[in-house]
Amino acid sequence: MCIRDRIKEAQTGLGNPGRQLAYISFTSGSTGTPKGVAVEHRSVNRLVINNEALEFAAGERVMQLAPLSFDAATLEIWGPLLNGGTLVLHPPQQPSTRELATFVVEKRITTMWLTAGLFHLMVDEQPEALRQVRQLLAGGDRLSTGHVKRLLSGLPDGHVLINGYGPTENTTFTCCHRMNNHTVIKGSVPIGRPISNTTVYVLNEARQLLPVGVVGELYIGGDGLARGYLHQPEQTAERFIHDAVLGRLYRSGDLVSWNQEGELQFHGRNDNQIKLRGFRIELDEIETALQTLPTVAQALVLCQGDETGDKQLV
């Protein structure tokens, strides 16, 4: 094999099945154009196989509710299918909280994932259905401490609530914080510790490691990293960096700090990106689209919340 063929093989992953492309997931882009995140097979395997943070086994019944374009579907689909569990498909419509609760109970769901917003609604309106789920995952935005405490107070022994955090560029989950009915929460709910085959670093602007309690940007490494952005080399080079000491890393743009228990606390963003009902949104992308309209000279998009904590774009 000539050198050119070896280089092509390394780039495409043909010589290693785990490095072959599994899917491309499009997410909001700060330039006004969505970014296609190229995820490899090994990244999906690292998420759902031999992962100590999440439990998938032959007896699990996992509900598939997320849209296929949402990377939470990666966890929902391949978690049971790669571990001999049962994949339970929810009908293709947006359910009410009552309909969702009925489905969970009737189908004997043991594992399910909810966006933070839907989790809060279900705790308010259908908490008993959630408490029947042995492994409940929630995330995509900050979890309300009050809602988490209310659910945990009546959670049966052996059942867990998991706060899952992670950008699409690191294949659904980067960190998890497991909670049960004995968990004590002080302040905000942590995003937890890195899952298997994942490394995380809290760094300052000079890319130096920061001590406990000091806020910095979260950098992520390990097998979950995507190849980069489809046909966007400049965006890829900006976010997927090569550090001489720490290796290949993804700059998340998320501001975090280590707490005394060795877990990460989330503090917000260092840019204009927001999370709304579990979806990552670059406000610049919407502004760019609005400014293409002939009657719009300037546009400004904000994310505002009301007294109930519900957020909307304005």
# chains A, B, ... in the order shown; residues from 1 in each chain; ligands from 1
$ closest_atom_pairs --of "region 152-268 of chain A" --to "region 72-82 of chain A" --cutoff "9 Å" --atoms "only C-alpha atoms" --output "JSON lines"
{"residue": "A:Thr168", "atom": "CA", "partner": "A:Ala72", "partner_atom": "CA", "distance": 8.9}
{"residue": "A:Thr171", "atom": "CA", "partner": "A:Thr74", "partner_atom": "CA", "distance": 8.1}
{"residue": "A:Thr172", "atom": "CA", "partner": "A:Ala72", "partner_atom": "CA", "distance": 5.9}
{"residue": "A:Phe173", "atom": "CA", "partner": "A:Ala72", "partner_atom": "CA", "distance": 8.7}
$ residues_around --residues "Asp243 (chain A)" --least-positions-apart "6" --cutoff "12 Å" --atoms "only C-alpha atoms" --output "PDB file with C-alpha atoms, in the first residue's frame"
ATOM      1  CA  TYR A 201     -10.141  19.834  32.027  1.00  0.00           C
ATOM      2  CA  LEU A 203      -8.621  25.692  31.919  1.00  0.00           C
ATOM      3  CA  ALA A 206      -3.736  30.427  28.796  1.00  0.00           C
ATOM      4  CA  ARG A 207      -4.912  26.779  28.872  1.00  0.00           C
ATOM      5  CA  GLN A 208      -3.590  26.237  32.358  1.00  0.00           C
ATOM      6  CA  TYR A 219     -12.170  21.316  27.540  1.00  0.00           C
ATOM      7  CA  ILE A 220     -13.126  17.750  26.613  1.00  0.00           C
ATOM      8  CA  GLY A 221     -11.077  14.822  25.313  1.00  0.00           C
ATOM      9  CA  LEU A 249      -9.543  18.522  22.880  1.00  0.00           C
ATOM     10  CA  TYR A 250     -12.877  20.179  22.200  1.00  0.00           C
ATOM     11  CA  ARG A 251     -13.354  23.719  23.480  1.00  0.00           C
TER      12      ARG A 251
END
$ closest_atom_pairs --of "region 81-153 of chain A" --to "region 60-70 of chain A" --cutoff "9 Å" --atoms "only C-alpha atoms" --output "Markdown table"
| residue | atom | partner | partner_atom | distance |
| --- | --- | --- | --- | --- |
| A:Asn83 | CA | A:Glu60 | CA | 8.9 |
| A:Gly84 | CA | A:Glu60 | CA | 8.3 |
| A:Gly85 | CA | A:Glu60 | CA | 5.0 |
| A:Thr86 | CA | A:Arg61 | CA | 4.7 |
| A:Leu87 | CA | A:Val62 | CA | 5.2 |
| A:Val88 | CA | A:Met63 | CA | 4.8 |
| A:Leu89 | CA | A:Gln64 | CA | 5.0 |
| A:His90 | CA | A:Leu65 | CA | 5.6 |
| A:Pro91 | CA | A:Leu65 | CA | 8.2 |
| A:Pro92 | CA | A:Leu65 | CA | 8.3 |
| A:Gln94 | CA | A:Leu65 | CA | 8.9 |
| A:Val104 | CA | A:Met63 | CA | 8.0 |
| A:Lys107 | CA | A:Arg61 | CA | 8.2 |
| A:Arg108 | CA | A:Arg61 | CA | 7.1 |
| A:Ile109 | CA | A:Arg61 | CA | 5.1 |
| A:Thr110 | CA | A:Arg61 | CA | 5.2 |
| A:Thr111 | CA | A:Val62 | CA | 4.8 |
| A:Met112 | CA | A:Met63 | CA | 5.4 |
| A:Trp113 | CA | A:Met63 | CA | 7.8 |
| A:Leu114 | CA | A:Ala66 | CA | 8.3 |
$ write_last_selection --atoms "C-alpha atoms" --output "PDB file, in the first residue's frame"
ATOM      1  CA  ASN A  83     -26.871  -4.439  25.145  1.00  0.00           C
ATOM      2  CA  GLY A  84     -29.748  -6.833  24.467  1.00  0.00           C
ATOM      3  CA  GLY A  85     -32.401  -4.554  25.975  1.00  0.00           C
ATOM      4  CA  THR A  86     -35.804  -3.587  24.584  1.00  0.00           C
ATOM      5  CA  LEU A  87     -36.261  -0.416  22.541  1.00  0.00           C
ATOM      6  CA  VAL A  88     -39.780   0.978  23.085  1.00  0.00           C
ATOM      7  CA  LEU A  89     -40.755   3.469  20.385  1.00  0.00           C
ATOM      8  CA  HIS A  90     -43.058   6.279  21.426  1.00  0.00           C
ATOM      9  CA  PRO A  91     -45.705   7.162  18.784  1.00  0.00           C
ATOM     10  CA  PRO A  92     -44.564  10.041  16.515  1.00  0.00           C
ATOM     11  CA  GLN A  94     -45.789  15.296  20.989  1.00  0.00           C
ATOM     12  CA  VAL A 104     -44.371   5.031  30.736  1.00  0.00           C
ATOM     13  CA  LYS A 107     -45.015  -0.030  28.652  1.00  0.00           C
ATOM     14  CA  ARG A 108     -43.104  -0.636  31.907  1.00  0.00           C
ATOM     15  CA  ILE A 109     -40.308   1.753  30.942  1.00  0.00           C
ATOM     16  CA  THR A 110     -37.168   1.255  33.057  1.00  0.00           C
ATOM     17  CA  THR A 111     -34.904   3.877  31.426  1.00  0.00           C
ATOM     18  CA  MET A 112     -35.867   7.188  29.847  1.00  0.00           C
ATOM     19  CA  TRP A 113     -34.327  10.550  28.965  1.00  0.00           C
ATOM     20  CA  LEU A 114     -36.103  13.908  29.261  1.00  0.00           C
TER      21      LEU A 114
END
$ closest_atom_pairs --of "region 145-252 of chain A" --to "region 22-29 of chain A" --cutoff "12 Å" --atoms "only C-alpha atoms" --output "tab-separated table"
residue	atom	partner	partner_atom	distance
A:Pro167	CA	A:Thr27	CA	9.8
A:Thr168	CA	A:Thr27	CA	7.7
A:Glu169	CA	A:Ser25	CA	9.1
A:Asn170	CA	A:Ser25	CA	11.5
A:Thr171	CA	A:Ser25	CA	9.8
A:Thr172	CA	A:Ser25	CA	10.8
A:Ala226	CA	A:Ile24	CA	9.4
A:Arg227	CA	A:Ile24	CA	10.1
A:Gly228	CA	A:Ile24	CA	10.0
A:Tyr229	CA	A:Ile24	CA	8.9
A:Leu230	CA	A:Ile24	CA	8.0
A:His231	CA	A:Ile24	CA	11.6
A:Gln232	CA	A:Gly29	CA	10.9
A:Gln235	CA	A:Gly29	CA	9.4
A:Thr236	CA	A:Gly29	CA	11.8
$ write_last_selection --atoms "all heavy atoms" --output "compact mmCIF listing (two decimals), in the first residue's frame"
# COMPACT_ATOMS: atom_id res chain seq x y z
N PRO A 167 -22.08 18.21 25.04
CA PRO A 167 -22.36 18.78 23.72
C PRO A 167 -22.42 17.70 22.65
O PRO A 167 -21.89 16.60 22.82
CB PRO A 167 -21.15 19.71 23.49
CG PRO A 167 -20.03 19.06 24.26
CD PRO A 167 -20.68 18.43 25.46
N THR A 168 -23.06 18.02 21.54
CA THR A 168 -23.14 17.10 20.41
C THR A 168 -21.76 16.68 19.94
O THR A 168 -21.55 15.54 19.51
CB THR A 168 -23.90 17.77 19.25
OG1 THR A 168 -25.20 18.15 19.70
CG2 THR A 168 -24.04 16.86 18.05
N GLU A 169 -20.79 17.58 20.03
CA GLU A 169 -19.42 17.30 19.57
C GLU A 169 -18.73 16.22 20.39
O GLU A 169 -17.66 15.73 19.99
CB GLU A 169 -18.59 18.59 19.61
CG GLU A 169 -18.94 19.61 18.56
CD GLU A 169 -20.11 20.52 18.95
OE1 GLU A 169 -20.81 20.23 19.95
OE2 GLU A 169 -20.33 21.53 18.26
N ASN A 170 -19.30 15.85 21.52
CA ASN A 170 -18.73 14.75 22.31
C ASN A 170 -19.76 13.64 22.52
O ASN A 170 -19.73 12.94 23.53
CB ASN A 170 -18.20 15.26 23.66
CG ASN A 170 -17.25 14.26 24.30
OD1 ASN A 170 -16.35 13.73 23.64
ND2 ASN A 170 -17.44 13.96 25.57
N THR A 171 -20.66 13.49 21.58
CA THR A 171 -21.58 12.35 21.51
C THR A 171 -22.47 12.21 22.74
O THR A 171 -22.28 11.33 23.59
CB THR A 171 -20.82 11.03 21.23
OG1 THR A 171 -19.83 11.27 20.23
CG2 THR A 171 -21.78 9.95 20.75
N THR A 172 -23.40 13.13 22.85
CA THR A 172 -24.52 13.11 23.80
C THR A 172 -24.11 13.42 25.24
O THR A 172 -24.51 14.44 25.78
CB THR A 172 -25.27 11.76 23.76
OG1 THR A 172 -25.59 11.45 22.39
CG2 THR A 172 -26.56 11.82 24.56
N ALA A 226 -16.03 14.02 18.25
CA ALA A 226 -16.37 13.91 16.83
C ALA A 226 -15.14 14.19 15.99
O ALA A 226 -14.13 14.73 16.46
CB ALA A 226 -17.49 14.88 16.49
N ARG A 227 -15.22 13.82 14.71
CA ARG A 227 -14.13 14.16 13.79
C ARG A 227 -13.98 15.66 13.63
O ARG A 227 -12.89 16.19 13.46
CB ARG A 227 -14.41 13.57 12.40
CG ARG A 227 -14.26 12.08 12.30
CD ARG A 227 -14.45 11.67 10.84
NE ARG A 227 -14.48 10.23 10.70
CZ ARG A 227 -14.71 9.62 9.54
NH1 ARG A 227 -14.93 10.34 8.45
NH2 ARG A 227 -14.73 8.29 9.48
N GLY A 228 -15.10 16.35 13.66
CA GLY A 228 -15.11 17.79 13.43
C GLY A 228 -16.40 18.18 12.74
O GLY A 228 -17.38 17.43 12.77
N TYR A 229 -16.40 19.35 12.10
CA TYR A 229 -17.58 19.85 11.40
C TYR A 229 -17.47 19.57 9.90
O TYR A 229 -16.43 19.83 9.30
CB TYR A 229 -17.75 21.34 11.65
CG TYR A 229 -17.91 21.71 13.11
CD1 TYR A 229 -17.00 22.56 13.73
CD2 TYR A 229 -18.95 21.18 13.86
CE1 TYR A 229 -17.15 22.90 15.07
CE2 TYR A 229 -19.09 21.51 15.20
CZ TYR A 229 -18.18 22.37 15.79
OH TYR A 229 -18.32 22.69 17.12
N LEU A 230 -18.54 19.07 9.33
CA LEU A 230 -18.55 18.69 7.93
C LEU A 230 -18.29 19.90 7.03
O LEU A 230 -19.03 20.89 7.06
CB LEU A 230 -19.91 18.06 7.59
CG LEU A 230 -20.09 17.54 6.17
CD1 LEU A 230 -19.19 16.35 5.93
CD2 LEU A 230 -21.55 17.19 5.92
N HIS A 231 -17.22 19.82 6.22
CA HIS A 231 -16.87 20.84 5.24
C HIS A 231 -16.69 22.23 5.86
O HIS A 231 -16.92 23.24 5.20
CB HIS A 231 -17.93 20.92 4.13
CG HIS A 231 -18.19 19.62 3.43
ND1 HIS A 231 -17.18 18.74 3.08
CD2 HIS A 231 -19.36 19.03 3.04
CE1 HIS A 231 -17.72 17.69 2.49
NE2 HIS A 231 -19.03 17.82 2.46
N GLN A 232 -16.31 22.28 7.12
CA GLN A 232 -16.04 23.56 7.78
C GLN A 232 -14.70 23.49 8.51
O GLN A 232 -14.65 23.43 9.74
CB GLN A 232 -17.17 23.92 8.75
CG GLN A 232 -18.51 24.16 8.07
CD GLN A 232 -19.53 24.78 9.01
OE1 GLN A 232 -19.24 25.68 9.78
NE2 GLN A 232 -20.76 24.28 8.95
N GLN A 235 -13.98 26.27 11.25
CA GLN A 235 -14.75 26.06 12.48
C GLN A 235 -14.19 24.87 13.26
O GLN A 235 -14.10 24.89 14.49
CB GLN A 235 -16.22 25.82 12.14
CG GLN A 235 -16.95 27.03 11.61
CD GLN A 235 -17.37 27.97 12.73
OE1 GLN A 235 -17.83 27.54 13.77
NE2 GLN A 235 -17.18 29.25 12.51
N THR A 236 -13.79 23.82 12.54
CA THR A 236 -13.21 22.64 13.20
C THR A 236 -11.92 23.00 13.90
O THR A 236 -11.70 22.63 15.07
CB THR A 236 -12.96 21.53 12.16
OG1 THR A 236 -14.21 21.14 11.58
CG2 THR A 236 -12.31 20.32 12.82
$ select_by_dssp --residues "region 89-239 of chain A" --states "strand (DSSP E)" --output "CSV table (one decimal) with N, CA and C atoms, in the first residue's frame"
chain,number,residue,atom,x,y,z
A,89,LEU,N,-40.6,2.3,21.2
A,89,LEU,CA,-40.8,3.5,20.4
A,89,LEU,C,-42.0,4.2,20.8
A,111,THR,N,-35.9,2.8,31.7
A,111,THR,CA,-34.9,3.9,31.4
A,111,THR,C,-35.5,4.9,30.5
A,112,MET,N,-35.4,6.2,30.8
A,112,MET,CA,-35.9,7.2,29.8
A,112,MET,C,-35.1,8.5,30.0
A,113,TRP,N,-35.1,9.3,29.0
A,113,TRP,CA,-34.3,10.6,29.0
A,113,TRP,C,-35.3,11.7,28.7
A,114,LEU,N,-35.2,12.8,29.4
A,114,LEU,CA,-36.1,13.9,29.3
A,114,LEU,C,-35.3,15.2,29.2
A,115,THR,N,-35.7,16.1,28.4
A,115,THR,CA,-35.1,17.5,28.5
A,115,THR,C,-35.4,18.1,29.8
A,135,GLN,N,-34.2,4.1,36.0
A,135,GLN,CA,-33.1,5.0,35.6
A,135,GLN,C,-33.6,6.2,34.8
A,136,LEU,N,-33.8,7.3,35.4
A,136,LEU,CA,-34.3,8.5,34.8
A,136,LEU,C,-33.2,9.5,34.5
A,137,LEU,N,-33.0,9.8,33.3
A,137,LEU,CA,-32.0,10.8,32.9
A,137,LEU,C,-32.7,12.1,32.4
A,138,ALA,N,-32.0,13.2,32.8
A,138,ALA,CA,-32.6,14.5,32.4
A,138,ALA,C,-31.4,15.4,32.1
A,139,GLY,N,-31.6,16.4,31.3
A,139,GLY,CA,-30.5,17.3,30.9
A,139,GLY,C,-30.8,18.2,29.8
A,160,VAL,N,-32.6,5.8,40.3
A,160,VAL,CA,-31.7,6.9,40.2
A,160,VAL,C,-32.2,7.9,39.3
A,161,LEU,N,-31.8,9.2,39.6
A,161,LEU,CA,-32.0,10.3,38.7
A,161,LEU,C,-30.6,10.7,38.3
A,162,ILE,N,-30.4,10.9,37.0
A,162,ILE,CA,-29.0,11.2,36.4
A,162,ILE,C,-29.1,12.5,35.7
A,163,ASN,N,-28.3,13.5,36.1
A,163,ASN,CA,-28.2,14.8,35.4
A,163,ASN,C,-27.1,14.5,34.4
A,164,GLY,N,-27.5,14.5,33.1
A,164,GLY,CA,-26.5,14.2,32.0
A,164,GLY,C,-26.2,15.5,31.3
A,165,TYR,N,-24.9,15.7,31.1
A,165,TYR,CA,-24.4,16.9,30.4
A,165,TYR,C,-23.5,16.5,29.3
A,175,CYS,N,-20.5,14.2,30.9
A,175,CYS,CA,-20.4,14.0,32.4
A,175,CYS,C,-21.8,13.6,32.9
A,176,CYS,N,-21.9,12.9,34.0
A,176,CYS,CA,-23.1,12.5,34.6
A,176,CYS,C,-23.0,12.7,36.1
A,177,HIS,N,-24.1,13.1,36.7
A,177,HIS,CA,-24.3,13.2,38.2
A,177,HIS,C,-25.4,12.3,38.6
A,178,ARG,N,-25.1,11.2,39.3
A,178,ARG,CA,-26.1,10.2,39.7
A,178,ARG,C,-26.7,10.6,41.1
A,179,MET,N,-28.0,10.5,41.2
A,179,MET,CA,-28.6,10.9,42.5
A,179,MET,C,-29.7,9.8,42.9
A,193,ARG,N,-19.2,14.0,37.0
A,193,ARG,CA,-17.9,13.5,36.6
A,193,ARG,C,-17.9,13.0,35.2
A,194,PRO,N,-16.8,12.9,34.5
A,194,PRO,CA,-16.7,12.4,33.2
A,194,PRO,C,-17.1,10.9,33.1
A,198,THR,N,-13.5,9.3,28.8
A,198,THR,CA,-13.7,10.7,28.6
A,198,THR,C,-12.8,11.4,29.6
A,199,THR,N,-12.1,12.5,29.1
A,199,THR,CA,-11.3,13.3,30.0
A,199,THR,C,-11.8,14.7,29.9
A,200,VAL,N,-11.8,15.4,31.0
A,200,VAL,CA,-12.3,16.8,31.1
A,200,VAL,C,-11.2,17.7,31.8
A,201,TYR,N,-11.1,18.9,31.4
A,201,TYR,CA,-10.1,19.8,32.0
A,201,TYR,C,-10.8,21.2,32.2
A,202,VAL,N,-10.6,21.8,33.3
A,202,VAL,CA,-11.0,23.2,33.5
A,202,VAL,C,-9.8,24.1,33.3
A,203,LEU,N,-9.8,24.9,32.3
A,203,LEU,CA,-8.6,25.7,31.9
A,203,LEU,C,-8.9,27.2,31.9
A,216,GLY,N,-13.6,28.3,34.9
A,216,GLY,CA,-12.8,28.4,33.7
A,216,GLY,C,-13.6,27.7,32.6
A,217,GLU,N,-13.0,27.6,31.4
A,217,GLU,CA,-13.7,26.9,30.3
A,217,GLU,C,-13.5,25.4,30.3
A,218,LEU,N,-14.5,24.6,30.0
A,218,LEU,CA,-14.4,23.2,30.0
A,218,LEU,C,-13.9,22.7,28.6
A,219,TYR,N,-12.8,22.0,28.7
A,219,TYR,CA,-12.2,21.3,27.5
A,219,TYR,C,-12.4,19.8,27.7
A,220,ILE,N,-12.7,19.2,26.6
A,220,ILE,CA,-13.1,17.8,26.6
A,220,ILE,C,-12.3,16.9,25.7
A,221,GLY,N,-11.8,15.7,26.1
A,221,GLY,CA,-11.1,14.8,25.3
A,221,GLY,C,-11.6,13.4,25.4
A,222,GLY,N,-11.0,12.5,24.7
A,222,GLY,CA,-11.4,11.1,24.8
A,222,GLY,C,-12.1,10.6,23.5
A,228,GLY,N,-15.1,16.3,13.7
A,228,GLY,CA,-15.1,17.8,13.4
A,228,GLY,C,-16.4,18.2,12.7
A,229,TYR,N,-16.4,19.3,12.1
A,229,TYR,CA,-17.6,19.8,11.4
A,229,TYR,C,-17.5,19.6,9.9
